[in-house]
Amino acid sequence: MHGVKRVQYSQAALEAKKQRDHDKLKAYLALSDDVIARKKSHDMSNEAFELTTRLLRMNPEFYTVWNYRRDMFIESLFPQRSPSEVNELLSDDLSLTFELLKQHPKVYGIWNHRRWCLEHIPDGPSPDDVNGYRNSTWNKELFVVEKMLDADARNFHAWNYRRYILATMPFPPPPKSELAYTTRKIEANFSNFSAWHQRSKVLTTLWETGELDRVKSIEEEFELVRNAMYTDPDDQSVWIYHAWLIGNGNYAARLQFEITSIQELLDEQPDSKWCMESLVRYKRLLIEKHAENLGDKKALVDSCLELLAKLRDIDPPRRRRYDEIAEGIRSGNEMQ
Amino acid sequence: MTSSSQLLIPLHVRYIQSLGEDDLTYHLTAHLRMNAVYWGLTALCIMDHKDALSKDETIEYVMSCWVDEAGAFGPHPDHDPHLLPTLSAIQILVIHDALDRIDVPRVTKFILSLQQPSGVFAGDQFGEIDTRFLYSAVNALSLLDQLHQLDVEKTVSYIKQCKNFDGGFGAVIGAESHAAQVWVCTAALAILDRLDVIDQDTLAWWLAERQLPNGGLNGRPQKLEDVCYSFWVLSSLSVLRKVSWIDADKLTSFILSAQDTENGGIADRPGDLPDVFHTIFGVAGLSLLGYPGLVDIDPVYCMPANLIESKGLRKGWEALPRKAS
């Protein structure tokens with residue numbers, strides 16, 4: 001259980017709570033025992049179905065009951081029914097799961113059941129339009145997941161579900177539209193690591209398909225990141241994303257440019273751990289990858305060691321890492 | 001509630017023994033009861049009180065969750081079989097040296113049947129996929145000495161595709177890095193001797209950045225500290241041999257401050273209600289940090305280290321040396 005505060009109850013309040021819990025427990029166990037007994041006896045009736053609805057509202061994490069509900073759909077509720085009726089039943093369950101997700105946004109079983117419903121939408125409404133039901137329902141899903149992400153932009157269940165919808169829906173919006181979605185989320189909050197992560201995936205796809213020119217795109221990304229860095233230099237998301245953009249540091253001019261830019265920011269924010277961390281990272285890349293073109297290599301090495309000494313002071317929990325990096329630089333330098 | 005500078009072992013042992021008294025939360029979590037028994041038992045082992053719960057009753061409980069049609073275990077009698085409780089059942093039986101109670105070929109068949117063409121595993125026949133299930137399968141097959149039946153290349157190739165721009169791993173291909181998913185992927189790769197898949201410097205850096213000013217660890221950037229990450233993050237760092245990249249003293253203090261000093265157990269953070277999940281992971285984290293008086297835990301299996309070693313399953317990992325007092 002997460003985030004449940006301990007509360008100090010008075011004796012009277014404790015007694016009252018115990019009584020309430022005892023009554024709830026009695027009701028829950030009675031319902032749970034009934035549903036499980038019916039499941040064991042293979043009861044596929046409407047009555048049993050309604051009881052699973054009640055039980056799942058009380059405890060949506062009870063995955064065995066979601067399983068039972070799905071078995072009832074397949075074995076008894078769907079057979080003998082028209083596509084329109086089946087579609088209706090699934091719509092009802094999509095509504096039920098949406099309602100439950102609003103109270104329980106991180107319960108795997110609810111998200112799983114939603115996917116199952118989507119995957120069982122029947123052909124229809126007519127022989128000329130066998131995908132009508134599917135298209136209509138799947139199109140609504142992006143709207144549903146957007147609502148969930150508006151409520152909690154870091155809910156990984158919702159993000160995973162979003163990626164599933166985009167990968168599976170009959171007529172997905174183009175990847176560029178998803179890029180725009182990540183831009184919106186990032187501009188709403190630069191600390192949204194989930195949005196930066198999604199952006200890294202979408203861009204990779206766009207580069208691979210050739211829809212976006214990688215070199216030009218990365219230049220634009222550096223602009224976006226610079227904006228974010230200056231707005232909130234303490235936000236690690238931006239710096240981790242920036243490190244990804246730099247990559248293996250094969251492009252010396254870009255390294256130099258970013259180092260200059262970050263140094264300017266550090267001049268304004270002299271205690272910025274992330275500026276220092278990044279400067280060390282990129283200066284090391286210069287030393288490792290572009291040694292032959294470096295004017296004053298010693299100055300770079302000294303600068304790294306100085307930054308690492310400062311990092312030890314301002315970020316003590318991670319001092320061992322800074323020490324190891326410094327040791328690496330010194331011994332790498334000595335080997336030359 | 002007062003904070004404490006010591007791990008209150010006798011209190012936590014009693015807390016674990018008292019679990020199961022009739023309360024609402026207990027019954028609402030029947031779907032993870034097998035996991036909870038494993039968490040409680042492992043915590044007792046690490047606190048060197050393995051016998052605080054009856055071995056026979058525990059084994060009988062485990063066997064009462066066997067679902068014969070499936071060749072697997074559910075989390076509780078009459079609950080459907082699933083990979084997660086199947087792993088926990090195997091782990092409990094291994095700890096109690098009662099693996100002979102299991103029909104190994106049938107359980108192996110169940111586990112292998114859940115592997116998908118992409119290499120990931122589903123949790124059950126309803127098809128939810130997650131790297132947690134991949135880890136569960138690899139761990140379980142390893143404990144059953146059936147790893148040779150696994151398509152390792154296919155399994156490893158799925159994990160590779162889960163690698164993200166920050167060096168971490170997510171639940172499925174495309175998913176954001178999350179410390180728990182990082183642990184399951186790292187531990188699975190350790191069991192399969194494929195740590196070469198990991199960008200170790202980058203991942204160790206991302207993991208080290210989980211430590212917050214209050215000493216606790218979070219699971220992703222900008223999230224709250226939580227005691228369970230004391231295990232997910234720390235054991236990943238342990239496999240990467242970079243436990244020194246976080247501040248051990250600050251983390252130890254944080255975990256100790258999350259104890260419920262009246263009723264026992266450890267919570268996700270100070271001031272919250274304890275539960276057996278955070279109790280095991282707090283204790284396991286302390287063990288990896290060298291806290292005195294605790295038994296060594298294997299960070300790859302989350303089981304007593306000497307037991308894993310005796311089965312010839314120990315992989316390369318480093319914890320902090322055990323303090324004398």
# chains A, B, ... in the order shown; residues from 1 in each chain; ligands from 1
$ residues_around --residues "Ile111 in chain B" --least-positions-apart "5" --cutoff "10 Å" --atoms "only C-alpha atoms" --output "NGL selection string"
:B and (71-72 or 82-83 or 86-87 or 105-106 or 121-124 or 133-134 or 136-138 or 140-141 or 150)
$ residues_around --residues "Ser235 in chain B" --least-positions-apart "2" --cutoff "9 Å" --atoms "only C-alpha atoms" --output "list in words"
Trp183, Ala187, Ser230, Phe231, Trp232, Val233, Leu237, Ser238, Val239, Leu240, Val243, Ala284, Gly285, Leu288, Asp298, Pro299, Val300, Cys302, Trp317, Glu318 and Ala319 of chain B
$ interface_residues --of "chain A" --to "chain B" --cutoff "7 Å" --atoms "only C-alpha atoms" --output "JSON, numbers by chain"
{"A": [1, 2, 3, 4, 5, 6, 21, 25, 59, 62, 64, 112, 160, 193, 194, 197, 201, 237, 240, 244, 317, 318, 320, 321]}
$ residues_around --residues "Ser272 in chain A" --least-positions-apart "5" --cutoff "9 Å" --atoms "only C-alpha atoms" --output "PyMOL selection string"
chain A and resi 233-234+265-266+277+314
$ write_last_selection --atoms "N, CA, C and O atoms" --output "short mmCIF file (atom, residue, chain, number, x, y, z; two decimals), in the first residue's frame"
data_model
loop_
_atom_site.label_atom_id
_atom_site.label_comp_id
_atom_site.auth_asym_id
_atom_site.auth_seq_id
_atom_site.Cartn_x
_atom_site.Cartn_y
_atom_site.Cartn_z
N PRO A 233 16.88 25.06 -14.53
CA PRO A 233 18.15 24.36 -14.57
C PRO A 233 18.27 23.20 -13.58
O PRO A 233 19.16 22.38 -13.69
N ASP A 234 17.36 23.13 -12.61
CA ASP A 234 17.45 22.04 -11.63
C ASP A 234 16.72 20.78 -12.06
O ASP A 234 16.75 19.77 -11.37
N LEU A 265 25.32 29.44 -18.61
CA LEU A 265 24.27 29.20 -17.62
C LEU A 265 24.88 29.01 -16.23
O LEU A 265 24.37 29.53 -15.23
N LEU A 266 25.99 28.30 -16.18
CA LEU A 266 26.67 28.07 -14.91
C LEU A 266 27.14 29.40 -14.31
O LEU A 266 27.11 29.59 -13.09
N GLU A 277 27.78 18.76 -13.93
CA GLU A 277 27.75 17.36 -14.35
C GLU A 277 27.85 17.26 -15.88
O GLU A 277 28.63 16.47 -16.42
N ILE A 314 28.91 20.04 -3.58
CA ILE A 314 27.50 20.42 -3.63
C ILE A 314 26.56 19.22 -3.74
O ILE A 314 25.36 19.35 -3.53
#
$ select_by_dssp --residues "range 141-266 of chain B" --states "alpha helix (DSSP H)" --output "JSON, numbers by chain"
{"B": [141, 142, 143, 152, 153, 154, 155, 156, 157, 158, 159, 160, 161, 179, 180, 181, 182, 183, 184, 185, 186, 187, 188, 189, 190, 191, 200, 201, 202, 203, 204, 205, 206, 207, 208, 229, 230, 231, 232, 233, 234, 235, 236, 237, 238, 239, 248, 249, 250, 251, 252, 253, 254, 255, 256, 257]}
$ atom_distance --atom1 "CA of Ile16 in chain B" --atom2 "CA of Tyr301 in chain B"
20.9 Å
$ closest_residue --among "A:Ala48, A:Ile186, A:Leu286, A:Ala299" --to "Glu258 in chain A" --atoms "only C-alpha atoms"
A:Leu286
$ atom_distance --atom1 "CA of Gly290 in chain B" --atom2 "CA of Ile198 in chain B"
25.9 Å
$ select_by_dssp --residues "range 59-281 of chain B" --states "strand (DSSP E or B)" --output "ChimeraX atom specification"
/B:66-67,72-73,115,121-122,129,163,169,211,217,259,266-267,272,274-275
$ residues_around --residues "Ile59 in chain B" --least-positions-apart "4" --cutoff "10 Å" --atoms "only C-alpha atoms" --output "list in words"
Ser54, Lys55, Met63, Ser64, Ala89, Ile92, Leu93, His96, Ala98 and Arg101 of chain B
$ atom_distance --atom1 "CA of Leu149 in chain A" --atom2 "CA of Ser95 in chain A"
17.5 Å
$ residues_around --residues "range 131-135 of chain A" --least-positions-apart "5" --cutoff "9 Å" --atoms "only C-alpha atoms" --output "PyMOL selection string"
chain A and resi 84+87+118-119+121-126+140+169-171
$ decode --residues "range 120-133 of chain B" --atoms "all heavy atoms" --output "CSV table (one decimal), in the first residue's frame"
chain,number,residue,atom,x,y,z
B,120,VAL,N,9.1,-11.8,-24.7
B,120,VAL,CA,8.6,-11.4,-23.4
B,120,VAL,C,7.7,-12.5,-22.9
B,120,VAL,O,7.3,-13.4,-23.6
B,120,VAL,CB,7.9,-10.0,-23.4
B,120,VAL,CG1,6.5,-10.2,-24.1
B,120,VAL,CG2,7.7,-9.4,-22.0
B,121,PHE,N,7.3,-12.4,-21.6
B,121,PHE,CA,6.4,-13.4,-21.0
B,121,PHE,C,5.1,-12.8,-20.7
B,121,PHE,O,5.0,-11.6,-20.2
B,121,PHE,CB,7.0,-14.1,-19.8
B,121,PHE,CG,7.9,-15.2,-20.1
B,121,PHE,CD1,9.2,-14.9,-20.5
B,121,PHE,CD2,7.6,-16.5,-19.9
B,121,PHE,CE1,10.1,-15.9,-20.8
B,121,PHE,CE2,8.5,-17.5,-20.2
B,121,PHE,CZ,9.8,-17.2,-20.7
B,122,ALA,N,4.0,-13.5,-20.9
B,122,ALA,CA,2.7,-13.1,-20.3
B,122,ALA,C,2.6,-13.6,-18.9
B,122,ALA,O,3.3,-14.5,-18.5
B,122,ALA,CB,1.6,-13.6,-21.2
B,123,GLY,N,1.6,-13.0,-18.2
B,123,GLY,CA,1.4,-13.4,-16.8
B,123,GLY,C,0.5,-14.6,-16.7
B,123,GLY,O,0.6,-15.5,-15.8
B,124,ASP,N,-0.4,-14.7,-17.6
B,124,ASP,CA,-1.3,-15.8,-17.7
B,124,ASP,C,-1.9,-15.9,-19.1
B,124,ASP,O,-1.5,-15.1,-19.9
B,124,ASP,CB,-2.4,-15.7,-16.6
B,124,ASP,CG,-3.3,-14.5,-16.7
B,124,ASP,OD1,-3.3,-13.9,-17.8
B,124,ASP,OD2,-4.0,-14.1,-15.8
B,125,GLN,N,-3.0,-16.7,-19.3
B,125,GLN,CA,-3.5,-16.9,-20.6
B,125,GLN,C,-4.2,-15.7,-21.1
B,125,GLN,O,-4.5,-15.6,-22.3
B,125,GLN,CB,-4.4,-18.1,-20.7
B,125,GLN,CG,-5.8,-17.9,-20.4
B,125,GLN,CD,-6.1,-18.3,-18.9
B,125,GLN,OE1,-5.2,-18.2,-18.0
B,125,GLN,NE2,-7.3,-18.8,-18.7
B,126,PHE,N,-4.5,-14.7,-20.3
B,126,PHE,CA,-5.1,-13.5,-20.7
B,126,PHE,C,-4.2,-12.5,-21.4
B,126,PHE,O,-4.6,-11.5,-22.0
B,126,PHE,CB,-5.9,-12.8,-19.6
B,126,PHE,CG,-7.2,-13.6,-19.3
B,126,PHE,CD1,-7.2,-14.5,-18.2
B,126,PHE,CD2,-8.3,-13.4,-20.0
B,126,PHE,CE1,-8.3,-15.2,-17.9
B,126,PHE,CE2,-9.5,-14.2,-19.8
B,126,PHE,CZ,-9.5,-15.1,-18.7
B,127,GLY,N,-2.9,-12.8,-21.3
B,127,GLY,CA,-1.9,-12.2,-22.2
B,127,GLY,C,-1.3,-10.9,-21.8
B,127,GLY,O,-0.5,-10.3,-22.6
B,128,GLU,N,-1.5,-10.4,-20.6
B,128,GLU,CA,-0.8,-9.2,-20.2
B,128,GLU,C,0.7,-9.5,-20.2
B,128,GLU,O,1.2,-10.5,-19.7
B,128,GLU,CB,-1.2,-8.7,-18.8
B,128,GLU,CG,-0.5,-7.5,-18.3
B,128,GLU,CD,-0.6,-7.3,-16.8
B,128,GLU,OE1,-1.3,-8.1,-16.1
B,128,GLU,OE2,-0.1,-6.2,-16.3
B,129,ILE,N,1.5,-8.6,-20.9
B,129,ILE,CA,3.0,-8.8,-20.9
B,129,ILE,C,3.7,-7.7,-20.1
B,129,ILE,O,3.2,-6.6,-20.0
B,129,ILE,CB,3.5,-8.8,-22.4
B,129,ILE,CG1,3.1,-7.5,-23.1
B,129,ILE,CG2,3.0,-10.0,-23.2
B,129,ILE,CD1,3.8,-7.3,-24.4
B,130,ASP,N,4.8,-8.1,-19.6
B,130,ASP,CA,5.6,-7.2,-18.7
B,130,ASP,C,6.9,-7.8,-18.5
B,130,ASP,O,7.0,-9.0,-18.3
B,130,ASP,CB,4.8,-7.0,-17.4
B,130,ASP,CG,5.2,-5.8,-16.6
B,130,ASP,OD1,6.5,-5.7,-16.3
B,130,ASP,OD2,4.4,-5.0,-16.2
B,131,THR,N,8.0,-7.0,-18.4
B,131,THR,CA,9.3,-7.5,-18.0
B,131,THR,C,9.3,-8.1,-16.6
B,131,THR,O,10.2,-8.9,-16.3
B,131,THR,CB,10.4,-6.5,-18.2
B,131,THR,OG1,10.0,-5.2,-17.6
B,131,THR,CG2,10.7,-6.2,-19.7
B,132,ARG,N,8.4,-7.7,-15.8
B,132,ARG,CA,8.3,-8.4,-14.5
B,132,ARG,C,8.0,-9.9,-14.7
B,132,ARG,O,8.5,-10.7,-13.9
B,132,ARG,CB,7.1,-7.8,-13.6
B,132,ARG,CG,7.3,-6.4,-13.1
B,132,ARG,CD,6.0,-6.0,-12.4
B,132,ARG,NE,4.8,-5.9,-13.2
B,132,ARG,CZ,3.6,-6.2,-12.9
B,132,ARG,NH1,3.3,-6.7,-11.7
B,132,ARG,NH2,2.6,-6.1,-13.7
B,133,PHE,N,7.2,-10.2,-15.7
B,133,PHE,CA,6.9,-11.6,-15.9
B,133,PHE,C,8.1,-12.3,-16.5
B,133,PHE,O,8.3,-13.5,-16.3
B,133,PHE,CB,5.6,-11.8,-16.8
B,133,PHE,CG,4.4,-11.0,-16.3
B,133,PHE,CD1,3.5,-10.5,-17.1
B,133,PHE,CD2,4.2,-10.8,-14.9
B,133,PHE,CE1,2.4,-9.8,-16.7
B,133,PHE,CE2,3.1,-10.1,-14.4
B,133,PHE,CZ,2.2,-9.6,-15.3
